[in-house]
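Novice: File query.txt follows (compact mmCIF, C-alpha atoms):
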# COMPACT_ATOMS: atom_id res chain seq x y z
CA MET D 1031 138.87 31.11 -64.75
CA SER D 1032 137.89 34.05 -62.54
CA ILE D 1033 134.47 33.91 -60.95
CA ASN D 1034 132.52 35.66 -58.24
CA CYS D 1035 130.28 33.98 -55.74
CA VAL D 1036 127.96 34.35 -52.80
CA ILE D 1037 127.86 32.04 -49.80
CA VAL D 1038 124.40 31.28 -48.42
CA GLU D 1039 125.02 29.34 -45.25
CA ASP D 1040 123.74 29.65 -41.68
CA LEU D 1041 126.61 27.68 -40.14
CA ALA D 1042 129.35 30.18 -39.33
CA VAL D 1043 132.27 27.73 -39.35
CA ALA D 1044 131.23 26.36 -42.72
CA ALA D 1045 131.03 29.88 -44.18
CA GLU D 1046 134.42 30.76 -42.70
CA TYR D 1047 135.92 27.61 -44.15
CA LEU D 1048 134.38 28.24 -47.57
CA LYS D 1049 135.71 31.80 -47.64
CA ASN D 1050 139.16 30.46 -46.95
CA CYS D 1051 138.86 27.87 -49.72
CA CYS D 1052 137.80 30.58 -52.18
CA GLU D 1053 140.67 32.82 -51.12
CA LYS D 1054 143.13 29.96 -51.36
CA SER D 1055 141.98 29.09 -54.89
CA GLY D 1056 142.95 32.57 -56.09
CA ASP D 1057 140.16 32.43 -58.68
CA ILE D 1058 137.01 33.00 -56.68
CA GLU D 1059 135.91 36.30 -55.23
CA VAL D 1060 133.33 36.15 -52.43
CA LEU D 1061 130.88 39.02 -52.86
CA GLY D 1062 128.87 38.26 -49.76
CA HIS D 1063 127.78 35.82 -47.10
CA TYR D 1064 124.10 35.46 -46.16
CA THR D 1065 122.54 33.30 -43.50
CA ASN D 1066 118.98 33.27 -44.84
CA VAL D 1067 117.11 33.15 -48.12
CA ASN D 1068 115.49 36.61 -47.91
CA ASP D 1069 118.74 38.53 -47.54
CA ALA D 1070 120.43 36.41 -50.18
CA ALA D 1071 117.56 36.92 -52.67
CA ASN D 1072 117.67 40.69 -52.19
CA PHE D 1073 121.36 40.77 -52.95
CA LEU D 1074 121.29 38.30 -55.82
CA ASN D 1075 118.48 40.08 -57.65
CA ASN D 1076 120.49 43.28 -57.60
CA HIS D 1077 123.91 41.82 -58.38
CA ARG D 1078 124.77 39.26 -61.00
CA VAL D 1079 126.95 36.47 -59.62
CA ASP D 1080 128.49 33.44 -61.29
CA LEU D 1081 128.15 30.98 -58.45
CA ILE D 1082 126.25 30.33 -55.22
CA PHE D 1083 127.47 28.04 -52.46
CA LEU D 1084 124.11 27.10 -51.05
CA ASP D 1085 123.09 25.37 -47.86
CA VAL D 1086 119.69 23.70 -48.02
CA GLU D 1087 118.36 23.65 -44.46
CA MET D 1088 118.36 27.16 -43.05
CA PRO D 1089 116.03 29.11 -40.78
CA GLY D 1090 112.95 30.16 -42.76
CA ASP D 1091 112.86 29.12 -46.41
CA ASP D 1092 115.17 26.38 -47.65
CA GLY D 1093 117.92 26.88 -50.21
CA PHE D 1094 115.82 25.68 -53.17
CA LYS D 1095 113.30 28.45 -52.50
CA LEU D 1096 116.13 30.90 -53.08
CA LEU D 1097 116.74 29.42 -56.52
CA ASP D 1098 113.03 29.93 -57.31
CA ARG D 1099 113.33 33.60 -56.40
CA ILE D 1100 116.43 34.54 -58.39
CA LEU D 1101 115.74 36.14 -61.75
CA TYR D 1102 118.68 34.47 -63.52
CA SER D 1103 120.52 31.16 -63.28
CA PRO D 1104 123.91 31.24 -61.60
CA LYS D 1105 125.82 28.00 -61.07
CA VAL D 1106 125.03 26.32 -57.75
CA ILE D 1107 127.11 24.12 -55.48
CA LEU D 1108 125.11 22.71 -52.57
CA THR D 1109 126.75 22.53 -49.16
CA THR D 1110 124.71 19.84 -47.48
CA SER D 1111 125.07 16.27 -46.38
CA LYS D 1112 121.61 15.02 -47.10
CA THR D 1113 121.28 12.81 -50.14
CA GLU D 1114 117.50 13.27 -49.91
CA TYR D 1115 118.03 16.48 -51.83
CA ALA D 1116 119.48 14.70 -54.85
CA TYR D 1117 116.24 14.83 -56.86
CA ASN D 1118 115.78 18.55 -56.25
CA ALA D 1119 119.44 19.12 -57.02
CA PHE D 1120 118.95 17.42 -60.37
CA GLU D 1121 115.85 19.52 -61.10
CA TYR D 1122 117.73 22.72 -60.33
CA HIS D 1123 120.83 21.75 -62.37
CA VAL D 1124 123.07 21.88 -59.33
CA THR D 1125 126.73 21.38 -60.29
CA ASP D 1126 127.88 19.50 -57.20
CA PHE D 1127 127.28 18.61 -53.53
CA LEU D 1128 129.83 19.41 -50.86
CA LYS D 1129 129.18 17.33 -47.81
CA LYS D 1130 130.24 19.26 -44.72
CA PRO D 1131 132.95 19.14 -43.56
CA PHE D 1132 134.77 18.82 -46.89
CA THR D 1133 138.45 19.04 -47.77
CA TYR D 1134 140.04 21.71 -49.93
CA GLN D 1135 140.72 19.03 -52.52
CA ARG D 1136 137.01 18.18 -52.67
CA PHE D 1137 136.24 21.88 -52.99
CA GLN D 1138 138.64 22.09 -55.94
CA GLU D 1139 136.94 19.12 -57.59
CA ALA D 1140 133.60 20.89 -57.35
CA ILE D 1141 135.09 24.04 -58.86
CA GLY D 1142 136.62 21.91 -61.59
CA LYS D 1143 133.15 20.65 -62.48
CA LEU D 1144 132.05 24.23 -63.06
CA ALA D 1145 134.73 24.67 -65.69
CA PHE D 1146 133.85 21.32 -67.19
CA SER D 1147 130.16 22.14 -67.45
CA GLU D 1148 131.05 25.52 -68.98
CA ASP D 1149 133.22 23.78 -71.58
CA ASN D 1150 130.39 21.37 -72.28
CA ARG D 1151 127.94 24.23 -72.67
CA LYS D 1152 130.20 25.87 -75.24
CA LYS D 1153 130.67 22.57 -76.97
CA GLU D 1154 126.94 21.89 -77.03
CA SER D 1155 126.24 25.29 -78.54
CA ASN D 1156 128.11 24.33 -81.75
CA ASP D 1157 128.18 20.58 -81.63
CA ASP D 1158 126.37 20.05 -84.93
CA HIS D 1159 129.32 21.13 -87.06
CA ILE D 1160 133.07 21.60 -87.15
CA TYR D 1161 135.44 23.82 -89.10
CA ILE D 1162 138.51 22.30 -90.70
CA LYS D 1163 141.53 23.95 -92.28
CA THR D 1164 141.98 22.81 -95.86
CA ASP D 1165 143.47 24.40 -98.97
CA GLY D 1166 144.24 27.62 -97.06
CA LYS D 1167 140.67 28.18 -95.88
CA LEU D 1168 138.33 27.19 -93.09
CA VAL D 1169 135.60 24.91 -94.33
CA ARG D 1170 132.46 24.16 -92.38
CA LEU D 1171 131.41 20.52 -92.26
CA ASN D 1172 128.09 19.48 -90.79
CA ASN D 1173 128.51 16.45 -88.58
CA GLU D 1174 125.66 14.69 -90.30
CA ASP D 1175 127.50 14.91 -93.65
CA ILE D 1176 130.72 13.28 -92.43
CA LEU D 1177 130.85 9.52 -92.98
CA TYR D 1178 134.21 8.89 -91.37
CA ILE D 1179 137.64 10.35 -90.73
CA GLU D 1180 140.78 8.49 -91.74
CA SER D 1181 144.33 9.03 -90.51
CA MET D 1182 147.04 9.78 -93.08
CA GLY D 1183 150.06 10.26 -90.85
CA ASP D 1184 150.19 13.96 -89.99
CA TYR D 1185 147.02 14.54 -91.98
CA VAL D 1186 143.47 13.26 -91.82
CA LYS D 1187 140.92 12.68 -94.52
CA PHE D 1188 137.31 13.73 -93.89
CA VAL D 1189 135.15 11.51 -96.07
CA LEU D 1190 131.66 12.73 -97.05
CA ALA D 1191 129.25 10.98 -99.42
CA ASP D 1192 130.15 13.22 -102.37
CA ARG D 1193 133.59 14.68 -101.53
CA LYS D 1194 136.73 14.36 -99.42
CA TYR D 1195 138.85 16.91 -97.55
CA ILE D 1196 142.46 16.57 -96.40
CA SER D 1197 143.46 18.55 -93.33
CA HIS D 1198 146.62 18.84 -91.20
CA ASN D 1199 145.51 17.10 -88.00
CA THR D 1200 145.61 13.80 -86.10
CA ILE D 1201 143.00 11.28 -85.06
CA LYS D 1202 144.09 11.65 -81.45
CA ASN D 1203 143.50 15.41 -81.50
CA LEU D 1204 140.17 15.08 -83.29
CA GLU D 1205 138.96 12.42 -80.89
CA GLU D 1206 139.07 14.99 -78.09
CA LYS D 1207 137.34 17.74 -80.06
CA ILE D 1208 134.52 16.21 -82.03
CA ASN D 1209 131.05 15.43 -80.70
CA PRO D 1210 131.36 12.10 -78.84
CA ALA D 1211 127.61 11.50 -79.11
CA ILE D 1212 127.99 11.08 -82.89
CA PHE D 1213 131.57 10.03 -83.57
CA LEU D 1214 133.51 7.07 -82.26
CA LYS D 1215 137.09 5.95 -82.76
CA ILE D 1216 136.98 2.35 -84.00
CA HIS D 1217 140.66 1.97 -84.85
CA ARG D 1218 143.80 4.06 -84.41
CA SER D 1219 143.30 5.22 -88.01
CA TYR D 1220 139.52 5.68 -88.10
CA ILE D 1221 136.80 7.71 -86.46
CA VAL D 1222 133.34 6.96 -87.78
CA ASN D 1223 129.96 8.67 -87.69
CA MET D 1224 127.92 6.07 -85.79
CA LYS D 1225 124.74 7.28 -87.49
CA LYS D 1226 126.14 6.21 -90.83
CA VAL D 1227 126.96 2.62 -89.91
CA GLN D 1228 125.08 0.23 -92.21
CA ASN D 1229 126.22 -3.01 -90.65
CA ILE D 1230 128.94 -4.65 -88.62
CA LYS D 1231 130.42 -8.00 -89.44
CA ASP D 1232 133.24 -9.61 -87.51
CA ASN D 1233 135.81 -6.85 -87.12
CA THR D 1234 134.50 -4.57 -89.81
CA VAL D 1235 132.14 -1.62 -89.92
CA VAL D 1236 130.40 -0.94 -93.21
CA ILE D 1237 129.69 2.69 -94.07
CA ASN D 1238 128.49 3.74 -97.51
CA GLY D 1239 129.50 0.32 -98.83
CA LEU D 1240 133.08 0.61 -97.57
CA ASP D 1241 134.64 -1.81 -95.05
CA LEU D 1242 136.46 -0.09 -92.17
CA PRO D 1243 138.41 -2.13 -89.58
CA ILE D 1244 137.55 -2.26 -85.87
CA SER D 1245 140.59 -2.78 -83.67
CA LYS D 1246 140.54 -5.24 -80.78
CA ALA D 1247 141.01 -2.40 -78.33
CA ASN D 1248 137.96 -0.51 -79.61
CA ARG D 1249 135.61 -3.41 -80.28
CA ALA D 1250 133.93 -3.44 -76.87
CA GLU D 1251 133.18 0.28 -77.05
CA VAL D 1252 131.74 -0.06 -80.58
CA LEU D 1253 129.43 -2.87 -79.48
CA LYS D 1254 128.35 -0.86 -76.45
CA ARG D 1255 127.24 1.98 -78.68
CA LEU D 1256 125.01 -0.19 -80.89
CA ASN D 1257 121.34 -0.38 -80.18
CA VAL D 1258 121.15 -4.17 -80.41
CA ILE D 1259 117.64 -5.50 -79.74
CA MET G 1131 157.29 23.95 -35.20
CA GLU G 1132 156.51 22.04 -32.01
CA GLN G 1133 153.62 19.62 -32.39
CA PHE G 1134 150.46 20.74 -30.64
CA ARG G 1135 148.68 18.06 -28.64
CA TYR G 1136 144.93 18.52 -28.98
CA ASN G 1137 142.36 17.41 -26.42
CA GLU G 1138 141.71 13.69 -26.79
CA LEU G 1139 138.15 14.35 -28.00
CA ILE G 1140 139.54 16.18 -31.04
CA ASP G 1141 140.75 14.17 -34.00
CA PRO G 1142 144.04 15.81 -35.07
CA ALA G 1143 144.01 13.98 -38.41
CA ILE G 1144 140.81 15.83 -39.38
CA LEU G 1145 142.33 19.18 -38.47
CA SER G 1146 145.42 18.30 -40.45
CA THR G 1147 143.33 17.33 -43.48
CA LEU G 1148 141.04 20.35 -43.36
CA TYR G 1149 143.50 23.06 -42.31
CA GLU G 1150 146.89 21.58 -43.18
CA ASN G 1151 147.93 22.37 -39.59
CA ASP G 1152 147.59 26.10 -40.15
CA ARG G 1153 147.20 27.02 -36.47
CA ALA G 1154 146.09 30.59 -37.16
CA PHE G 1155 143.27 29.28 -39.29
CA ILE G 1156 142.39 26.60 -36.73
CA GLN G 1157 142.14 29.34 -34.09
CA LYS G 1158 139.82 31.29 -36.37
CA ILE G 1159 137.60 28.24 -36.90
CA PHE G 1160 137.54 27.39 -33.17
CA ARG G 1161 136.59 31.00 -32.40
CA SER G 1162 133.86 30.94 -35.02
CA PHE G 1163 132.56 27.64 -33.63
CA LEU G 1164 132.25 29.10 -30.12
CA ASP G 1165 131.02 32.59 -30.96
CA ASN G 1166 128.17 31.92 -33.34
CA GLY G 1167 125.19 30.73 -31.41
CA LEU G 1168 126.45 27.45 -29.96
CA ASP G 1169 125.07 28.21 -26.48
CA GLU G 1170 121.77 29.24 -27.98
CA ASP G 1171 121.62 25.99 -29.97
CA LEU G 1172 122.29 23.98 -26.81
CA ARG G 1173 119.48 25.84 -25.02
CA GLN G 1174 117.22 25.18 -27.99
CA ILE G 1175 117.88 21.44 -27.71
CA GLU G 1176 116.83 21.56 -24.05
CA SER G 1177 113.74 23.57 -24.87
CA CYS G 1178 112.67 21.29 -27.76
CA LEU G 1179 113.20 18.27 -25.51
CA ALA G 1180 111.01 19.81 -22.79
CA LEU G 1181 108.28 20.43 -25.38
CA GLY G 1182 108.66 16.98 -26.97
CA ASP G 1183 109.35 18.77 -30.28
CA THR G 1184 111.26 16.06 -32.18
CA GLN G 1185 111.17 17.98 -35.47
CA GLY G 1186 112.75 21.00 -33.78
CA LEU G 1187 115.34 18.73 -32.17
CA ARG G 1188 116.22 17.18 -35.50
CA LYS G 1189 116.65 20.61 -37.09
CA VAL G 1190 118.99 22.01 -34.47
CA ILE G 1191 121.03 18.78 -34.27
CA HIS G 1192 121.26 18.72 -38.07
CA LYS G 1193 122.69 22.24 -37.99
CA LEU G 1194 125.18 21.47 -35.22
CA LYS G 1195 126.43 18.19 -36.70
CA PRO G 1196 128.83 19.59 -39.34
CA ALA G 1197 130.01 22.33 -36.96
CA PHE G 1198 131.41 19.63 -34.69
CA GLY G 1199 132.91 17.94 -37.75
CA PHE G 1200 134.72 21.14 -38.76
CA VAL G 1201 136.50 21.32 -35.39
CA GLY G 1202 137.56 17.66 -35.40
CA LEU G 1203 134.99 16.44 -32.86
CA THR G 1204 134.13 13.53 -35.09
CA SER G 1205 132.72 11.19 -32.44
CA ILE G 1206 130.24 13.89 -31.40
CA GLU G 1207 129.41 14.54 -35.05
CA GLU G 1208 128.60 10.84 -35.36
CA GLN G 1209 126.49 10.97 -32.18
CA CYS G 1210 124.55 13.89 -33.75
CA ARG G 1211 124.00 11.83 -36.89
CA GLU G 1212 122.54 8.96 -34.85
CA MET G 1213 120.31 11.34 -32.90
CA GLU G 1214 119.05 12.95 -36.08
CA LEU G 1215 117.92 9.54 -37.27
CA LEU G 1216 116.40 8.72 -33.90
CA CYS G 1217 114.35 11.94 -34.00
CA VAL G 1218 112.62 10.83 -37.19
CA SER G 1219 112.31 7.17 -36.20
CA GLY G 1220 109.34 7.64 -33.88
CA SER G 1221 111.23 6.61 -30.72
CA SER G 1222 109.45 7.09 -27.41
CA LEU G 1223 110.04 10.38 -25.64
CA ASN G 1224 111.58 8.55 -22.66
CA HIS G 1225 114.15 6.83 -24.83
CA LEU G 1226 114.81 10.07 -26.72
CA THR G 1227 115.21 12.07 -23.50
CA GLU G 1228 117.90 9.74 -22.22
CA LYS G 1229 119.78 9.83 -25.52
CA ILE G 1230 119.43 13.60 -25.91
CA ASN G 1231 120.78 14.14 -22.41
CA ASP G 1232 123.79 12.00 -23.32
CA LEU G 1233 124.23 14.06 -26.45
CA LEU G 1234 123.96 17.33 -24.52
CA ASN G 1235 126.70 16.15 -22.19
CA ALA G 1236 128.87 15.23 -25.14
CA LEU G 1237 128.19 18.59 -26.86
CA ARG G 1238 129.15 20.47 -23.70
CA ALA G 1239 132.30 18.39 -23.27
CA GLY G 1240 133.19 19.09 -26.89
CA LYS G 1241 132.61 22.80 -26.42
CA LYS G 1242 134.85 22.80 -23.34
CA ALA G 1243 137.59 20.96 -25.24
CA ILE G 1244 137.52 23.57 -28.00
CA GLU G 1245 137.52 26.45 -25.47
CA GLU G 1246 140.55 25.04 -23.69
CA ASP G 1247 142.48 24.23 -26.83
CA LEU G 1248 141.73 27.66 -28.25
CA GLN G 1249 143.20 29.26 -25.15
CA ARG G 1250 146.30 27.06 -25.37
CA LEU G 1251 146.71 27.87 -29.08
CA ILE G 1252 146.45 31.59 -28.32
CA LEU G 1253 149.08 31.27 -25.58
CA ILE G 1254 151.50 29.38 -27.85
CA HIS G 1255 150.93 31.94 -30.58
CA LYS G 1256 151.82 34.76 -28.16
CA THR G 1257 155.01 33.11 -26.93
Go ahead and render the structure in this file as structure tokens.

Specialist:
Amino acid sequence: MSINCVIVEDLAVAAEYLKNCCEKSGDIEVLGHYTNVNDAANFLNNHRVDLIFLDVEMPGDDGFKLLDRILYSPKVILTTSKTEYAYNAFEYHVTDFLKKPFTYQRFQEAIGKLAFSEDNRKKESNDDHIYIKTDGKLVRLNNEDILYIESMGDYVKFVLADRKYISHNTIKNLEEKINPAIFLKIHRSYIVNMKKVQNIKDNTVVINGLDLPISKANRAEVLKRLNVI
Amino acid sequence: MEQFRYNELIDPAILSTLYENDRAFIQKIFRSFLDNGLDEDLRQIESCLALGDTQGLRKVIHKLKPAFGFVGLTSIEEQCREMELLCVSGSSLNHLTEKINDLLNALRAGKKAIEEDLQRLILIHKT
């Protein structure tokens, strides 16, 4: 990951420290440091940046006013200690808070969240389908069509209502890649589409009339996902 | 490298955590702490106090608080935190004045500690 950023911070030591953290990371280029919203807005509306380290309380307008004035939406990490800003931070999709003074490790955690949210964004953009390799081609499967996925050693079977596909893969690998809002591992050999569950009895999930086992280890998670009234 | 003994007001563990004992970087931070409006901020505290401007006091103390944290003056940082709360609590001006004067003394003592340790760091660096 290589990103550029701007520091908007009226406290000189904090800005100095942040610059050092960015330099140390080796991944983050600091394009500028501004101590007030006006100067920062002028720069940011003429240069596209990936990230802003933003203080909230500064002379003149506060940091959130800056976000109102920028014509695009860079990632934002707040550098403040006041939890009162949490609601605003949520409204402005702020990635993280760094409470001053913060350690380099904490800085790295915040940067890590940027990568995570980027991964999530990519995932969200195509989270309604997957492509699987089968019979020498890539086949698109819509999540809503998959009933469940069954392990077959080094292969897995994707079971749909009207057909099945065998692909070279593992349940463990799939578990990390498929949409967790829809699919859930219920057993070391099964991942099921939770929207397709008809009923659950004892240690069995019924999907399309078929009984699939729930392991002891996964039972609590399965029950947690059910909307039991 | 010989261990540097900081002024007793400065928490060496904080400096070690933040700067991994990189003395060149610590010098840079100490210099930045002293050279970027600290005296002006102290004068502003006095002026806000004279005017009874508690909102102004809170703002300038809020700004100073993490600066003292970055240089390891954690007890003063904590004192700032308490004062910030006091400024919004509706305390009487008399009570506030006494506390703010205590804080000003602490801030000045902290500044002096950083000035002296910066000079000692520079000397060690030269030799």

Novice: What does the distance from atom CA of Leu1223 of chain G to atom CA of Lys1242 of chain G come to in Å, to one decimal?

Specialist: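 Atom CA of Leu1223 of chain G sits 27.8 Å away from atom CA of Lys1242 of chain G.
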
Novice: Pick the closest to Ala1044 of chain D from D:Leu1128, D:Val1067, D:Ala1140, D:Ile1082: which is it, counting all atoms listed in the file?

Specialist: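 Using all atoms listed in the file, Ala1044 of chain D sits closest to D:Leu1128.
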
Novice: My list of candidates is G:Lys1229, G:Leu1253, G:Ile1159, G:Pro1196. Which is closest to Lys1049 of chain D when distances are computed with only C-alpha atoms?

Specialist: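 Closest to Lys1049 of chain D of all the choices is G:Ile1159.
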
Novice: Can you check which residues of chain D have any atom within 12 Å of chain G? Use only C-alpha atoms and format it as a PDB file with C-alpha atoms, in the coordinates of the input.

Specialist:
ATOM      1  CA  GLU D1039     125.020  29.340 -45.250  1.00  0.00           C
ATOM      2  CA  ASP D1040     123.740  29.650 -41.680  1.00  0.00           C
ATOM      3  CA  LEU D1041     126.610  27.680 -40.140  1.00  0.00           C
ATOM      4  CA  ALA D1042     129.350  30.180 -39.330  1.00  0.00           C
ATOM      5  CA  VAL D1043     132.270  27.730 -39.350  1.00  0.00           C
ATOM      6  CA  ALA D1044     131.230  26.360 -42.720  1.00  0.00           C
ATOM      7  CA  ALA D1045     131.030  29.880 -44.180  1.00  0.00           C
ATOM      8  CA  GLU D1046     134.420  30.760 -42.700  1.00  0.00           C
ATOM      9  CA  TYR D1047     135.920  27.610 -44.150  1.00  0.00           C
ATOM     10  CA  LEU D1048     134.380  28.240 -47.570  1.00  0.00           C
ATOM     11  CA  LYS D1049     135.710  31.800 -47.640  1.00  0.00           C
ATOM     12  CA  ASN D1050     139.160  30.460 -46.950  1.00  0.00           C
ATOM     13  CA  CYS D1051     138.860  27.870 -49.720  1.00  0.00           C
ATOM     14  CA  LYS D1054     143.130  29.960 -51.360  1.00  0.00           C
ATOM     15  CA  THR D1065     122.540  33.300 -43.500  1.00  0.00           C
ATOM     16  CA  ASP D1085     123.090  25.370 -47.860  1.00  0.00           C
ATOM     17  CA  VAL D1086     119.690  23.700 -48.020  1.00  0.00           C
ATOM     18  CA  GLU D1087     118.360  23.650 -44.460  1.00  0.00           C
ATOM     19  CA  MET D1088     118.360  27.160 -43.050  1.00  0.00           C
ATOM     20  CA  PRO D1089     116.030  29.110 -40.780  1.00  0.00           C
ATOM     21  CA  GLY D1090     112.950  30.160 -42.760  1.00  0.00           C
ATOM     22  CA  THR D1109     126.750  22.530 -49.160  1.00  0.00           C
ATOM     23  CA  THR D1110     124.710  19.840 -47.480  1.00  0.00           C
ATOM     24  CA  SER D1111     125.070  16.270 -46.380  1.00  0.00           C
ATOM     25  CA  LYS D1112     121.610  15.020 -47.100  1.00  0.00           C
ATOM     26  CA  LEU D1128     129.830  19.410 -50.860  1.00  0.00           C
ATOM     27  CA  LYS D1129     129.180  17.330 -47.810  1.00  0.00           C
ATOM     28  CA  LYS D1130     130.240  19.260 -44.720  1.00  0.00           C
ATOM     29  CA  PRO D1131     132.950  19.140 -43.560  1.00  0.00           C
ATOM     30  CA  PHE D1132     134.770  18.820 -46.890  1.00  0.00           C
ATOM     31  CA  THR D1133     138.450  19.040 -47.770  1.00  0.00           C
ATOM     32  CA  TYR D1134     140.040  21.710 -49.930  1.00  0.00           C
ATOM     33  CA  GLN D1135     140.720  19.030 -52.520  1.00  0.00           C
ATOM     34  CA  ARG D1136     137.010  18.180 -52.670  1.00  0.00           C
ATOM     35  CA  PHE D1137     136.240  21.880 -52.990  1.00  0.00           C
TER      36      PHE D1137
END

Novice: Could you check the closest approach to Glu1246 of chain G for each of G:Gln1157, G:Ala1143, G:Thr1204, G:Arg1173 and tell me which residue wins, using all atoms listed in the file?

Specialist: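 Of all the options, G:Gln1157 lies closest to Glu1246 of chain G.
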
Novice: Neighbourhood query: residues within 12 Å of (122.2, 38.6, -55.7), file coordinates, counting all atoms listed in the file; return as a PyMOL selection string.

Specialist: chain D and resi 1034-1038+1060-1064+1067-1082+1096-1097+1099-1104

Novice: Separation of atom CA of Phe1127 of chain D and atom CA of Asp1092 of chain D, in Å?

Specialist: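 Going from atom CA of Phe1127 of chain D over to atom CA of Asp1092 of chain D, I get 15.5 Å.
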
Novice: Would you work out the distance separating atom CA of Thr1200 of chain D from atom CA of Asp1184 of chain D, expressed in Å to one decimal?

Specialist: 6.0 Å

Novice: Rank D:Val1189, D:Val1169, D:Ala1211, D:Leu1108 by their smallest atom-to-atom distance to Leu1240 of chain D, using only C-alpha atoms, and report the top residue only.

Specialist: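 For Leu1240 of chain D, the nearest of the candidates is D:Val1189.
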
Novice: Let me make sure I understand: among G:Met1213, G:Glu1176, G:Arg1153, G:Tyr1136, which one has the smallest atom-to-atom distance to Ile1252 of chain G if we use only C-alpha atoms?

Specialist: G:Arg1153

Novice: With only C-alpha atoms as the basis for distance, which of D:Asp1241, D:Asp1158, D:Asp1192, D:Asp1232 is at the shortest distance from Ile1212 of chain D?

Specialist: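 For Ile1212 of chain D, the nearest of the candidates is D:Asp1158.
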
Novice: Compile the contact shell of Ile1141 of chain D as a PyMOL selection string: residues with an atom at most 10 Å away, counting only C-alpha atoms, same-chain residues fewer than 5 positions apart removed.

Specialist: chain D and resi 1031+1052+1055+1057-1058+1081+1107+1125-1126+1135-1136+1146

Novice: Restricting it to C-alpha atoms, dump the selection as a CSV table (one decimal), in the coordinates of the input.

Specialist:
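Full text of out_0.csv as output:
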chain,number,residue,atom,x,y,z
D,1031,MET,CA,138.9,31.1,-64.8
D,1052,CYS,CA,137.8,30.6,-52.2
D,1055,SER,CA,142.0,29.1,-54.9
D,1057,ASP,CA,140.2,32.4,-58.7
D,1058,ILE,CA,137.0,33.0,-56.7
D,1081,LEU,CA,128.2,31.0,-58.4
D,1107,ILE,CA,127.1,24.1,-55.5
D,1125,THR,CA,126.7,21.4,-60.3
D,1126,ASP,CA,127.9,19.5,-57.2
D,1135,GLN,CA,140.7,19.0,-52.5
D,1136,ARG,CA,137.0,18.2,-52.7
D,1146,PHE,CA,133.8,21.3,-67.2

Novice: Hey, what's within 8 Å of Asn1199 of chain D if we count all atoms listed in the file and toss same-chain stuff fewer than 5 positions away? As a VMD selection string, please?

Specialist: chain D and resid 1184 to 1186 1204

Novice: Selection from above, C-alpha atoms, as a PDB file, in the frame of the given file, can you write it?

Specialist:
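out_1.pdb was written with the following content:
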ATOM      1  CA  ASP D1184     150.190  13.960 -89.990  1.00  0.00           C
ATOM      2  CA  TYR D1185     147.020  14.540 -91.980  1.00  0.00           C
ATOM      3  CA  VAL D1186     143.470  13.260 -91.820  1.00  0.00           C
ATOM      4  CA  LEU D1204     140.170  15.080 -83.290  1.00  0.00           C
TER       5      LEU D1204
END

Novice: Find the spatial neighbours of Val1222 of chain D, counting all atoms listed in the file, within a cut-off of 10 Å - ignore same-chain residues fewer than 4 positions away - and output them as a VMD selection string.

Specialist: chain D and resid 1176 to 1180 1188 to 1189 1212 to 1217 1226 to 1227 1235 1237 1242

Novice: Is it possible to get the residues within 12 Å of (126.9, 9.7, -32.7) (coordinates as in the file, counting only C-alpha atoms) written as a PDB file with C-alpha atoms, in the frame of the given file?

Specialist:
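Saved to selection-v1.pdb:
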ATOM      1  CA  ILE G1191     121.030  18.780 -34.270  1.00  0.00           C
ATOM      2  CA  HIS G1192     121.260  18.720 -38.070  1.00  0.00           C
ATOM      3  CA  LYS G1195     126.430  18.190 -36.700  1.00  0.00           C
ATOM      4  CA  PHE G1198     131.410  19.630 -34.690  1.00  0.00           C
ATOM      5  CA  GLY G1199     132.910  17.940 -37.750  1.00  0.00           C
ATOM      6  CA  LEU G1203     134.990  16.440 -32.860  1.00  0.00           C
ATOM      7  CA  THR G1204     134.130  13.530 -35.090  1.00  0.00           C
ATOM      8  CA  SER G1205     132.720  11.190 -32.440  1.00  0.00           C
ATOM      9  CA  ILE G1206     130.240  13.890 -31.400  1.00  0.00           C
ATOM     10  CA  GLU G1207     129.410  14.540 -35.050  1.00  0.00           C
ATOM     11  CA  GLU G1208     128.600  10.840 -35.360  1.00  0.00           C
ATOM     12  CA  GLN G1209     126.490  10.970 -32.180  1.00  0.00           C
ATOM     13  CA  CYS G1210     124.550  13.890 -33.750  1.00  0.00           C
ATOM     14  CA  ARG G1211     124.000  11.830 -36.890  1.00  0.00           C
ATOM     15  CA  GLU G1212     122.540   8.960 -34.850  1.00  0.00           C
ATOM     16  CA  MET G1213     120.310  11.340 -32.900  1.00  0.00           C
ATOM     17  CA  GLU G1214     119.050  12.950 -36.080  1.00  0.00           C
ATOM     18  CA  LEU G1215     117.920   9.540 -37.270  1.00  0.00           C
ATOM     19  CA  LEU G1216     116.400   8.720 -33.900  1.00  0.00           C
ATOM     20  CA  LYS G1229     119.780   9.830 -25.520  1.00  0.00           C
ATOM     21  CA  ILE G1230     119.430  13.600 -25.910  1.00  0.00           C
ATOM     22  CA  ASP G1232     123.790  12.000 -23.320  1.00  0.00           C
ATOM     23  CA  LEU G1233     124.230  14.060 -26.450  1.00  0.00           C
ATOM     24  CA  LEU G1234     123.960  17.330 -24.520  1.00  0.00           C
ATOM     25  CA  ALA G1236     128.870  15.230 -25.140  1.00  0.00           C
ATOM     26  CA  LEU G1237     128.190  18.590 -26.860  1.00  0.00           C
TER      27      LEU G1237
END
